[in-house]
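Structure data (mmCIF, C-alpha atoms, pLDDT in the B column; chains and numbers go by the auth columns) from upload19.cif:
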data_structure
loop_
_atom_site.group_PDB
_atom_site.id
_atom_site.type_symbol
_atom_site.label_atom_id
_atom_site.label_comp_id
_atom_site.label_asym_id
_atom_site.label_seq_id
_atom_site.Cartn_x
_atom_site.Cartn_y
_atom_site.Cartn_z
_atom_site.B_iso_or_equiv
_atom_site.auth_seq_id
_atom_site.auth_asym_id
ATOM 1 C CA TYR A 1 108.419 69.404 115.019 50.00 1 E
ATOM 2 C CA CYS A 2 108.196 68.874 118.782 57.00 2 E
ATOM 3 C CA LEU A 3 111.467 70.771 119.326 60.00 3 E
ATOM 4 C CA PHE A 4 110.217 73.617 117.117 55.00 4 E
ATOM 5 C CA ASP A 5 106.928 73.734 119.031 72.00 5 E
ATOM 6 C CA ALA A 6 108.731 73.784 122.388 74.00 6 E
ATOM 7 C CA ARG A 7 110.987 76.667 121.327 74.00 7 E
ATOM 8 C CA TRP A 8 107.997 78.617 119.992 72.00 8 E
ATOM 9 C CA ARG A 9 106.028 78.134 123.205 80.00 9 E
ATOM 10 C CA MET A 10 108.971 79.149 125.372 83.00 10 E
ATOM 11 C CA LYS A 11 109.689 82.320 123.383 87.00 11 E
ATOM 12 C CA SER A 12 106.014 83.252 123.188 91.00 12 E
ATOM 13 C CA SER A 13 105.484 82.707 126.921 92.00 13 E
ATOM 14 C CA LEU A 14 108.441 84.954 127.802 94.00 14 E
ATOM 15 C CA PHE A 15 107.286 87.619 125.336 96.00 15 E
ATOM 16 C CA ILE A 16 103.787 87.627 126.865 96.00 16 E
ATOM 17 C CA LYS A 17 105.170 87.636 130.424 96.00 17 E
ATOM 18 C CA ILE A 18 107.285 90.738 129.761 96.00 18 E
ATOM 19 C CA LEU A 19 104.428 92.425 127.898 97.00 19 E
ATOM 20 C CA ARG A 20 102.030 91.917 130.802 97.00 20 E
ATOM 21 C CA GLU A 21 104.629 93.106 133.325 97.00 21 E
ATOM 22 C CA LYS A 22 105.894 96.199 131.505 96.00 22 E
ATOM 23 C CA LYS A 23 102.592 97.184 129.828 96.00 23 E
ATOM 24 C CA LEU A 24 104.374 99.295 127.235 95.00 24 E
ATOM 25 C CA LEU A 25 105.154 98.527 123.604 94.00 25 E
ATOM 26 C CA LEU A 26 106.438 100.897 120.934 93.00 26 E
ATOM 27 C CA PRO A 27 104.136 101.028 117.893 92.00 27 E
ATOM 28 C CA PRO A 28 105.720 100.989 114.429 94.00 28 E
ATOM 29 C CA LEU A 29 105.349 104.330 112.702 91.00 29 E
ATOM 30 C CA SER A 30 106.665 104.938 109.206 89.00 30 E
ATOM 31 C CA GLY A 31 109.149 107.792 109.095 91.00 31 E
ATOM 32 C CA TYR A 32 109.567 107.833 112.878 94.00 32 E
ATOM 33 C CA THR A 33 110.714 104.484 114.279 96.00 33 E
ATOM 34 C CA ASP A 34 113.773 104.451 112.056 96.00 34 E
ATOM 35 C CA TYR A 35 117.223 103.280 113.125 96.00 35 E
ATOM 36 C CA PRO A 36 118.476 106.619 114.573 96.00 36 E
ATOM 37 C CA PHE A 37 115.309 106.980 116.668 96.00 37 E
ATOM 38 C CA ARG A 38 115.574 103.398 117.879 97.00 38 E
ATOM 39 C CA MET A 39 119.221 103.935 118.845 97.00 39 E
ATOM 40 C CA ILE A 40 118.208 106.898 121.001 97.00 40 E
ATOM 41 C CA LEU A 41 115.263 105.051 122.493 96.00 41 E
ATOM 42 C CA ALA A 42 117.390 102.014 123.379 96.00 42 E
ATOM 43 C CA GLN A 43 119.409 104.170 125.767 96.00 43 E
ATOM 44 C CA PHE A 44 116.304 104.425 127.981 96.00 44 E
ATOM 45 C CA LYS A 45 116.090 100.622 128.271 96.00 45 E
ATOM 46 C CA PRO A 46 112.514 100.115 127.002 96.00 46 E
ATOM 47 C CA PRO A 47 111.035 96.596 127.007 96.00 47 E
ATOM 48 C CA PHE A 48 110.252 96.561 123.267 97.00 48 E
ATOM 49 C CA ILE A 49 111.474 98.394 120.172 97.00 49 E
ATOM 50 C CA ILE A 50 110.118 97.876 116.661 98.00 50 E
ATOM 51 C CA THR A 51 111.071 99.015 113.164 97.00 51 E
ATOM 52 C CA GLU A 52 109.035 100.935 110.657 96.00 52 E
ATOM 53 C CA MET A 53 106.900 98.704 108.462 96.00 53 E
ATOM 54 C CA ALA A 54 109.034 96.741 105.999 97.00 54 E
ATOM 55 C CA ASN A 55 107.714 95.349 102.725 97.00 55 E
ATOM 56 C CA ALA A 56 107.920 91.554 102.658 98.00 56 E
ATOM 57 C CA ARG A 57 108.600 91.238 98.938 97.00 57 E
ATOM 58 C CA ALA A 58 111.381 93.851 99.178 97.00 58 E
ATOM 59 C CA ILE A 59 112.988 91.890 102.016 98.00 59 E
ATOM 60 C CA VAL A 60 112.923 88.674 99.990 98.00 60 E
ATOM 61 C CA GLN A 61 114.489 90.545 97.057 97.00 61 E
ATOM 62 C CA ARG A 62 117.078 92.051 99.429 96.00 62 E
ATOM 63 C CA ASN A 63 116.177 95.591 98.406 96.00 63 E
ATOM 64 C CA ARG A 64 118.986 97.801 99.725 95.00 64 E
ATOM 65 C CA ARG A 65 116.760 100.534 101.140 94.00 65 E
ATOM 66 C CA THR A 66 114.464 98.036 102.835 96.00 66 E
ATOM 67 C CA MET A 67 117.345 96.083 104.337 96.00 67 E
ATOM 68 C CA GLN A 68 118.580 99.331 105.898 95.00 68 E
ATOM 69 C CA ILE A 69 115.330 99.387 107.888 95.00 69 E
ATOM 70 C CA LEU A 70 116.321 96.049 109.411 97.00 70 E
ATOM 71 C CA LYS A 71 119.181 97.322 111.563 95.00 71 E
ATOM 72 C CA ILE A 72 118.973 96.318 115.217 95.00 72 E
ATOM 73 C CA ALA A 73 119.558 98.957 117.871 94.00 73 E
ATOM 74 C CA GLU A 74 121.903 97.574 120.506 93.00 74 E
ATOM 75 C CA GLY A 75 120.351 96.927 123.889 94.00 75 E
ATOM 76 C CA LYS A 76 118.609 94.310 125.999 94.00 76 E
ATOM 77 C CA GLN A 77 115.122 95.105 124.672 96.00 77 E
ATOM 78 C CA TYR A 78 113.008 92.829 122.499 96.00 78 E
ATOM 79 C CA ASN A 79 113.525 93.951 118.907 97.00 79 E
ATOM 80 C CA GLY A 80 110.614 93.568 116.505 98.00 80 E
ATOM 81 C CA VAL A 81 109.963 94.047 112.803 98.00 81 E
ATOM 82 C CA GLN A 82 106.624 94.994 111.305 98.00 82 E
ATOM 83 C CA LEU A 83 106.030 93.218 108.013 98.00 83 E
ATOM 84 C CA ILE A 84 103.567 94.434 105.416 98.00 84 E
ATOM 85 C CA GLY A 85 102.397 92.404 102.456 97.00 85 E
ATOM 86 C CA SER A 86 99.499 90.462 100.974 97.00 86 E
ATOM 87 C CA ILE A 87 101.138 87.301 99.609 97.00 87 E
ATOM 88 C CA PRO A 88 101.515 84.531 102.209 98.00 88 E
ATOM 89 C CA GLU A 89 104.551 83.006 100.470 97.00 89 E
ATOM 90 C CA TYR A 90 106.513 86.268 100.570 98.00 90 E
ATOM 91 C CA MET A 91 105.395 87.012 104.126 98.00 91 E
ATOM 92 C CA GLY A 92 106.658 83.629 105.285 98.00 92 E
ATOM 93 C CA LYS A 93 109.994 83.970 103.489 98.00 93 E
ATOM 94 C CA ALA A 94 110.493 87.513 104.762 98.00 94 E
ATOM 95 C CA ALA A 95 109.694 86.396 108.300 98.00 95 E
ATOM 96 C CA LYS A 96 112.386 83.731 108.139 98.00 96 E
ATOM 97 C CA ILE A 97 114.948 86.281 106.898 98.00 97 E
ATOM 98 C CA VAL A 98 113.991 88.595 109.764 98.00 98 E
ATOM 99 C CA GLU A 99 114.327 85.782 112.289 97.00 99 E
ATOM 100 C CA ASP A 100 117.759 84.914 110.907 97.00 100 E
ATOM 101 C CA LEU A 101 118.775 88.556 111.459 97.00 101 E
ATOM 102 C CA SER A 102 118.142 87.934 115.189 96.00 102 E
ATOM 103 C CA PHE A 103 114.934 89.897 115.626 97.00 103 E
ATOM 104 C CA ASP A 104 112.847 88.728 118.588 97.00 104 E
ATOM 105 C CA TYR A 105 109.304 89.096 117.294 97.00 105 E
ATOM 106 C CA ILE A 106 107.332 89.901 114.145 98.00 106 E
ATOM 107 C CA ASP A 107 104.280 92.135 113.819 98.00 107 E
ATOM 108 C CA ILE A 108 101.964 91.942 110.809 98.00 108 E
ATOM 109 C CA ASN A 109 100.462 95.197 109.525 97.00 109 E
ATOM 110 C CA MET A 110 96.695 95.001 109.066 97.00 110 E
ATOM 111 C CA GLY A 111 95.928 98.643 109.778 93.00 111 E
ATOM 112 C CA CYS A 112 97.774 100.949 107.384 91.00 112 E
ATOM 113 C CA THR A 113 95.264 103.175 105.587 90.00 113 E
ATOM 114 C CA ALA A 114 97.626 104.702 102.999 89.00 114 E
ATOM 115 C CA ARG A 115 96.020 104.445 99.567 88.00 115 E
ATOM 116 C CA LYS A 116 99.126 103.006 97.881 90.00 116 E
ATOM 117 C CA VAL A 117 99.163 100.249 100.512 90.00 117 E
ATOM 118 C CA ALA A 118 95.446 99.485 100.623 89.00 118 E
ATOM 119 C CA CYS A 119 95.121 99.305 96.833 87.00 119 E
ATOM 120 C CA ARG A 120 97.647 96.446 96.815 92.00 120 E
ATOM 121 C CA GLY A 121 95.483 94.445 99.202 92.00 121 E
ATOM 122 C CA GLU A 122 97.842 95.145 102.116 93.00 122 E
ATOM 123 C CA GLY A 123 97.371 96.886 105.459 93.00 123 E
ATOM 124 C CA ILE A 124 93.757 97.729 106.278 95.00 124 E
ATOM 125 C CA SER A 125 92.558 95.825 103.190 95.00 125 E
ATOM 126 C CA LEU A 126 93.398 92.549 104.930 96.00 126 E
ATOM 127 C CA MET A 127 90.582 93.196 107.390 96.00 127 E
ATOM 128 C CA LYS A 128 88.161 92.947 104.476 94.00 128 E
ATOM 129 C CA ASN A 129 89.314 89.432 103.604 93.00 129 E
ATOM 130 C CA GLU A 130 89.452 87.557 106.891 96.00 130 E
ATOM 131 C CA ALA A 131 90.372 84.186 105.398 97.00 131 E
ATOM 132 C CA HIS A 132 93.306 85.702 103.537 97.00 132 E
ATOM 133 C CA ALA A 133 94.467 87.556 106.656 97.00 133 E
ATOM 134 C CA CYS A 134 94.505 84.250 108.515 98.00 134 E
ATOM 135 C CA GLU A 135 96.464 82.579 105.707 98.00 135 E
ATOM 136 C CA ILE A 136 99.139 85.240 106.097 98.00 136 E
ATOM 137 C CA VAL A 137 99.391 84.739 109.863 98.00 137 E
ATOM 138 C CA THR A 138 99.614 80.976 109.372 97.00 138 E
ATOM 139 C CA ALA A 139 102.349 81.378 106.742 98.00 139 E
ATOM 140 C CA VAL A 140 104.402 83.576 109.060 98.00 140 E
ATOM 141 C CA THR A 141 103.949 81.458 112.177 96.00 141 E
ATOM 142 C CA ASP A 142 104.797 78.308 110.236 96.00 142 E
ATOM 143 C CA ALA A 143 108.022 79.909 108.991 97.00 143 E
ATOM 144 C CA VAL A 144 109.472 81.075 112.321 96.00 144 E
ATOM 145 C CA ASP A 145 109.605 80.205 115.993 93.00 145 E
ATOM 146 C CA VAL A 146 109.594 83.790 117.298 96.00 146 E
ATOM 147 C CA PRO A 147 106.323 85.334 118.554 97.00 147 E
ATOM 148 C CA VAL A 148 104.009 86.763 115.884 98.00 148 E
ATOM 149 C CA THR A 149 101.618 89.629 116.588 98.00 149 E
ATOM 150 C CA CYS A 150 99.194 91.658 114.453 98.00 150 E
ATOM 151 C CA LYS A 151 98.291 95.347 114.467 98.00 151 E
ATOM 152 C CA LEU A 152 94.844 96.207 113.164 96.00 152 E
ATOM 153 C CA ARG A 153 92.070 98.765 113.359 96.00 153 E
ATOM 154 C CA LEU A 154 88.428 98.361 114.320 96.00 154 E
ATOM 155 C CA GLY A 155 87.453 97.611 110.735 95.00 155 E
ATOM 156 C CA LEU A 156 87.646 98.868 107.189 91.00 156 E
ATOM 157 C CA SER A 157 85.027 101.525 107.974 88.00 157 E
ATOM 158 C CA LYS A 158 82.537 102.446 110.686 87.00 158 E
ATOM 159 C CA HIS A 159 80.017 100.341 108.763 88.00 159 E
ATOM 160 C CA SER A 160 82.295 97.292 108.880 90.00 160 E
ATOM 161 C CA MET A 161 83.656 96.874 112.406 94.00 161 E
ATOM 162 C CA ASN A 162 84.870 93.277 112.447 96.00 162 E
ATOM 163 C CA VAL A 163 87.861 93.533 114.775 97.00 163 E
ATOM 164 C CA VAL A 164 86.494 91.174 117.445 97.00 164 E
ATOM 165 C CA ALA A 165 85.576 88.356 115.056 97.00 165 E
ATOM 166 C CA LEU A 166 88.757 88.729 113.010 98.00 166 E
ATOM 167 C CA SER A 167 90.962 88.894 116.101 98.00 167 E
ATOM 168 C CA GLU A 168 89.644 85.542 117.323 98.00 168 E
ATOM 169 C CA LYS A 169 90.510 83.987 113.952 98.00 169 E
ATOM 170 C CA LEU A 170 93.983 85.528 113.952 98.00 170 E
ATOM 171 C CA VAL A 171 94.648 84.040 117.388 97.00 171 E
ATOM 172 C CA ASP A 172 93.498 80.633 116.126 97.00 172 E
ATOM 173 C CA SER A 173 95.980 81.094 113.251 97.00 173 E
ATOM 174 C CA GLY A 174 98.888 81.645 115.642 96.00 174 E
ATOM 175 C CA ALA A 175 99.023 85.309 116.729 97.00 175 E
ATOM 176 C CA VAL A 176 100.153 85.545 120.375 97.00 176 E
ATOM 177 C CA ALA A 177 99.084 89.191 120.933 98.00 177 E
ATOM 178 C CA LEU A 178 97.160 91.859 119.044 98.00 178 E
ATOM 179 C CA THR A 179 97.493 95.624 118.907 98.00 179 E
ATOM 180 C CA ILE A 180 94.144 97.330 118.347 98.00 180 E
ATOM 181 C CA HIS A 181 94.141 100.901 117.013 96.00 181 E
ATOM 182 C CA GLY A 182 90.821 102.243 118.255 95.00 182 E
ATOM 183 C CA ARG A 183 89.648 103.786 114.981 94.00 183 E
ATOM 184 C CA SER A 184 88.221 102.396 111.758 91.00 184 E
ATOM 185 C CA GLY A 185 89.842 102.914 108.394 85.00 185 E
ATOM 186 C CA GLU A 186 88.146 106.078 107.046 80.00 186 E
ATOM 187 C CA LYS A 187 90.741 108.463 108.433 68.00 187 E
ATOM 188 C CA LYS A 188 94.199 107.945 109.820 66.00 188 E
ATOM 189 C CA PHE A 189 93.746 109.896 113.029 67.00 189 E
ATOM 190 C CA GLY A 190 90.703 112.168 112.677 71.00 190 E
ATOM 191 C CA LEU A 191 88.104 109.993 114.392 75.00 191 E
ATOM 192 C CA PRO A 192 87.626 109.551 118.156 84.00 192 E
ATOM 193 C CA VAL A 193 89.202 106.430 119.676 92.00 193 E
ATOM 194 C CA ASP A 194 86.525 103.843 120.514 94.00 194 E
ATOM 195 C CA LEU A 195 87.502 102.514 123.932 96.00 195 E
ATOM 196 C CA GLY A 196 84.436 100.273 124.128 96.00 196 E
ATOM 197 C CA ILE A 197 85.389 98.075 121.183 96.00 197 E
ATOM 198 C CA ILE A 198 88.978 97.788 122.397 97.00 198 E
ATOM 199 C CA LYS A 199 87.603 96.683 125.766 97.00 199 E
ATOM 200 C CA LYS A 200 85.283 94.136 124.133 97.00 200 E
ATOM 201 C CA THR A 201 88.203 92.711 122.150 97.00 201 E
ATOM 202 C CA ALA A 202 90.403 92.556 125.261 97.00 202 E
ATOM 203 C CA THR A 203 87.762 90.705 127.271 97.00 203 E
ATOM 204 C CA THR A 204 86.953 88.307 124.423 97.00 204 E
ATOM 205 C CA LEU A 205 90.447 87.152 123.524 97.00 205 E
ATOM 206 C CA SER A 206 92.640 84.687 125.382 95.00 206 E
ATOM 207 C CA VAL A 207 95.817 86.557 124.368 97.00 207 E
ATOM 208 C CA PRO A 208 97.031 90.031 125.412 98.00 208 E
ATOM 209 C CA VAL A 209 95.556 93.048 123.653 98.00 209 E
ATOM 210 C CA ILE A 210 97.652 96.213 123.289 98.00 210 E
ATOM 211 C CA ALA A 211 95.466 99.330 123.125 98.00 211 E
ATOM 212 C CA ASN A 212 96.633 101.923 120.599 96.00 212 E
ATOM 213 C CA GLY A 213 95.553 105.388 119.466 94.00 213 E
ATOM 214 C CA GLY A 214 95.324 108.841 121.038 92.00 214 E
ATOM 215 C CA ILE A 215 98.066 108.208 123.604 93.00 215 E
ATOM 216 C CA TYR A 216 100.403 111.176 124.073 92.00 216 E
ATOM 217 C CA THR A 217 101.487 110.981 127.724 94.00 217 E
ATOM 218 C CA GLY A 218 102.082 108.456 130.477 93.00 218 E
ATOM 219 C CA SER A 219 98.800 109.518 132.046 96.00 219 E
ATOM 220 C CA ASP A 220 97.002 108.844 128.755 96.00 220 E
ATOM 221 C CA ALA A 221 98.505 105.354 128.716 96.00 221 E
ATOM 222 C CA GLN A 222 97.375 104.609 132.269 96.00 222 E
ATOM 223 C CA GLN A 223 93.872 105.841 131.530 96.00 223 E
ATOM 224 C CA MET A 224 93.742 103.730 128.359 97.00 224 E
ATOM 225 C CA ILE A 225 94.604 100.553 130.267 97.00 225 E
ATOM 226 C CA GLN A 226 92.091 101.346 133.004 97.00 226 E
ATOM 227 C CA ALA A 227 89.307 102.119 130.520 97.00 227 E
ATOM 228 C CA THR A 228 89.858 99.102 128.261 97.00 228 E
ATOM 229 C CA GLY A 229 91.314 96.406 130.488 97.00 229 E
ATOM 230 C CA ALA A 230 94.010 95.927 127.832 98.00 230 E
ATOM 231 C CA ALA A 231 97.236 94.194 128.836 98.00 231 E
ATOM 232 C CA ALA A 232 99.393 97.069 127.579 98.00 232 E
#
Since I need it in another form, could you write the structure as structure tokens?
Amino acid sequence: YCLFDARWRMKSSLFIKILREKKLLLPPLSGYTDYPFRMILAQFKPPFIITEMANARAIVQRNRRTMQILKIAEGKQYNGVQLIGSIPEYMGKAAKIVEDLSFDYIDINMGCTARKVACRGEGISLMKNEAHACEIVTAVTDAVDVPVTCKLRLGLSKHSMNVVALSEKLVDSGAVALTIHGRSGEKKFGLPVDLGIIKKTATTLSVPVIANGGIYTGSDAQQMIQATGAAA
């Protein structure tokens, strides 16, 4: 256990160090961050590259199409996988498979608003059940010794903005960094990005916060960091 803990701390510390230095992390985006795109991106030597979201149960069952998502683009970057699921057991098992494939970090999806995802209790629905969300993070962090992060929105809706309280619990459960998409769950991209809540989350947490949403250019990214105090 002590050896496992030491490896986890070392990997997490290096991950956080690079994140704070480079201030740039690719967000997972279904249909976009596929293997061909990641191969192209790797040529520009980015600090982090991540897959599209991959279903945990499908990974455990070795679904052929899902396993094709888990191809690593060659390069010196940190390679991540975003897992989506609602059953802690499957999330833990999938995380271990991903780690064994030599991925460097795992992100847990708590922000997808697609109806077919939310109705299964996955994605944004996890923000509604904070205890269950924490169980999933614990299951994943217990299964692997690579860094585990979470990507979430401000809340299920504008009437339920619980990102600050939930984020603190996710950190207590083992998450080493959090990506905050600055909108609630009513619409994918139609609402304005709330910089104030991202800033409040960044100043409250002891771990790095990655600000996400409405960033199209390098200038946008710089302004986002300045406005929110986020690490990246």
Take the PyMOL selection byres ((chain E and resi 161) around 12), run it mentally on this structure, and tell me the resulting residues as a compact mmCIF listing (two decimals) with C-alpha atoms, in the coordinates of the input.
# COMPACT_ATOMS: atom_id res chain seq x y z
CA ILE E 124 93.76 97.73 106.28
CA MET E 127 90.58 93.20 107.39
CA LYS E 128 88.16 92.95 104.48
CA LEU E 152 94.84 96.21 113.16
CA ARG E 153 92.07 98.76 113.36
CA LEU E 154 88.43 98.36 114.32
CA GLY E 155 87.45 97.61 110.74
CA LEU E 156 87.65 98.87 107.19
CA SER E 157 85.03 101.52 107.97
CA LYS E 158 82.54 102.45 110.69
CA HIS E 159 80.02 100.34 108.76
CA SER E 160 82.30 97.29 108.88
CA ASN E 162 84.87 93.28 112.45
CA VAL E 163 87.86 93.53 114.78
CA VAL E 164 86.49 91.17 117.44
CA ALA E 165 85.58 88.36 115.06
CA LEU E 166 88.76 88.73 113.01
CA SER E 167 90.96 88.89 116.10
CA GLY E 182 90.82 102.24 118.26
CA ARG E 183 89.65 103.79 114.98
CA SER E 184 88.22 102.40 111.76
CA GLY E 185 89.84 102.91 108.39
CA GLU E 186 88.15 106.08 107.05
CA ASP E 194 86.52 103.84 120.51
CA ILE E 197 85.39 98.08 121.18
CA ILE E 198 88.98 97.79 122.40
CA THR E 201 88.20 92.71 122.15
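Picked out by the PyMOL selection byres ((chain E and resi 141-150) around 7) when it runs on this file: Phe4, Arg7, Trp8, Lys11, Ser12, Gly92, Ala95, Lys96, Glu99, Asp104, Tyr105, Ile106, Asp107, Ile108, Asn109, Met110, Val137, Thr138, Ala139, Val140, Lys151, Leu152, Gly174, Ala175, Val176, Ala177, Leu178 and Thr179 of chain E.
One finds CA of Lys93 (chain E) at 6.6 Å from CA of Val60 (chain E).
Considering the residues E:Asn79, E:Thr51, E:Gln222, E:Thr113 and counting all atoms listed in the file, Met67 (chain E) has its shortest atom-to-atom contact with E:Thr51.
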Worksheet item: Could you name the residues that touch Ala221 (chain E) at 10 Å or less, counting all atoms listed in the file, but leaving out those on the same chain fewer than 5 positions away, as a ChimeraX atom specification?
Response: /E:23-24,211-216,226-227,232
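The neighbours of Leu83 (chain E) here are the residues that come within 6 Å of it, using all atoms listed in the file and leaving out any residue fewer than 4 positions away in the same chain; they are Met53, Ala54, Asn55, Ala56 and Ile108 of chain E.
Among the candidates E:Met10, E:Ala73, E:Ala230, E:Leu25, the residue lying nearest to Lys199 (chain E) is E:Ala230 (atoms considered: all atoms listed in the file).
The nearest approach to Gln82 (chain E) among the residues E:Lys22, E:Phe103, E:Asn63, E:Ser173, with all atoms listed in the file taken into account, belongs to E:Phe103.
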Worksheet item: Mind pulling up the distance from CA of Asp172 (chain E) to CA of Arg9 (chain E)?
Response: 14.6 Å
